[in-house]
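Below you'll find the structure, written out as structure tokens, and then a few comments.
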Amino acid sequence: MHLSGMRSDEKTLRLRVTRRDEPDLSKLIEWVFGIAEARHRAWVNGEADPYGLPPPDDLASARR
């Protein structure tokens with residue numbers, strides 16, 4: 001959609017970014033475990049990887 005077709009209040013919306021000196025490790029760990037769990041669940045169920053990634057080399061030939 002072009003900006004000319006957007007409502008005036010939508011044009012003024014901006015992404016807010018919070019910069020930190022230290023990353024939020026608990027949130028990062030939660031994301032990593034969530035991704036790993038989703039990939040593992042798909043592999044066990046014989047489904048395609050939800051992120052389109054190949055399995056790790058040591059699992060590529062492993063049986064489910």
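Residue names in the structure tokens use chain letters A, B, ... in the order shown, residue numbers from 1 in each chain, and ligand numbers from 1 in the order shown.
The neighbours of A:Leu53 here are the residues that come within 9 Å of it, using only C-alpha atoms and leaving out any residue fewer than 4 positions away in the same chain; they are Arg39, Ala48 and Asp49 of chain A.
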Practice item. Using only C-alpha atoms, determine which residues lie at most 12 Å from stretch 32-36 of chain A, disregarding the query and same-chain residues fewer than 3 positions distant; provide the list as a PyMOL selection string. Key: chain A and resi 25-29+39-43+49-53+55-56
Would you save the residues of that selection, restricted to N, CA, C and O atoms, as a CSV table (one decimal), in the first residue's frame?
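Dumped everything to selection.csv:
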chain,number,residue,atom,x,y,z
A,25,LEU,N,18.9,-11.6,28.5
A,25,LEU,CA,19.3,-13.0,28.3
A,25,LEU,C,18.1,-13.9,28.5
A,25,LEU,O,18.0,-14.9,27.7
A,26,SER,N,17.2,-13.6,29.4
A,26,SER,CA,16.1,-14.6,29.6
A,26,SER,C,15.2,-14.6,28.4
A,26,SER,O,14.7,-15.6,28.0
A,27,LYS,N,15.0,-13.4,27.7
A,27,LYS,CA,14.2,-13.4,26.5
A,27,LYS,C,14.9,-14.1,25.4
A,27,LYS,O,14.3,-14.8,24.6
A,28,LEU,N,16.2,-13.9,25.2
A,28,LEU,CA,17.0,-14.5,24.2
A,28,LEU,C,16.9,-16.1,24.4
A,28,LEU,O,16.7,-16.8,23.4
A,29,ILE,N,17.1,-16.5,25.6
A,29,ILE,CA,17.0,-18.0,25.9
A,29,ILE,C,15.6,-18.5,25.5
A,29,ILE,O,15.5,-19.6,25.0
A,39,ARG,N,11.3,-26.8,16.0
A,39,ARG,CA,12.0,-27.6,15.0
A,39,ARG,C,12.0,-29.0,15.4
A,39,ARG,O,11.8,-29.9,14.5
A,40,HIS,N,12.2,-29.3,16.6
A,40,HIS,CA,12.3,-30.7,17.1
A,40,HIS,C,10.9,-31.4,16.9
A,40,HIS,O,10.8,-32.5,16.4
A,41,ARG,N,9.9,-30.6,17.3
A,41,ARG,CA,8.5,-31.2,17.2
A,41,ARG,C,8.2,-31.5,15.7
A,41,ARG,O,7.6,-32.6,15.4
A,42,ALA,N,8.6,-30.6,14.8
A,42,ALA,CA,8.3,-30.9,13.4
A,42,ALA,C,9.1,-32.1,12.9
A,42,ALA,O,8.6,-32.9,12.2
A,43,TRP,N,10.4,-32.2,13.3
A,43,TRP,CA,11.2,-33.3,12.9
A,43,TRP,C,10.6,-34.7,13.4
A,43,TRP,O,10.5,-35.6,12.7
A,49,ASP,N,10.7,-28.5,8.4
A,49,ASP,CA,11.2,-27.5,9.4
A,49,ASP,C,10.4,-26.2,9.3
A,49,ASP,O,10.3,-25.7,8.2
A,50,PRO,N,9.9,-25.7,10.4
A,50,PRO,CA,9.0,-24.5,10.3
A,50,PRO,C,9.8,-23.3,9.9
A,50,PRO,O,9.2,-22.3,9.4
A,51,TYR,N,11.1,-23.3,9.9
A,51,TYR,CA,12.0,-22.2,9.6
A,51,TYR,C,12.7,-22.4,8.2
A,51,TYR,O,13.5,-21.6,7.8
A,52,GLY,N,12.4,-23.6,7.6
A,52,GLY,CA,13.0,-23.9,6.3
A,52,GLY,C,14.5,-24.2,6.4
A,52,GLY,O,15.2,-24.2,5.4
A,53,LEU,N,14.9,-24.7,7.6
A,53,LEU,CA,16.3,-25.0,7.8
A,53,LEU,C,16.5,-26.5,7.6
A,53,LEU,O,15.6,-27.3,8.0
A,55,PRO,N,18.1,-30.2,8.8
A,55,PRO,CA,18.5,-30.7,10.1
A,55,PRO,C,20.0,-30.6,10.3
A,55,PRO,O,20.7,-30.6,9.3
A,56,PRO,N,20.4,-30.6,11.5
A,56,PRO,CA,21.9,-30.6,11.8
A,56,PRO,C,22.5,-31.9,11.1
A,56,PRO,O,21.8,-32.9,10.9
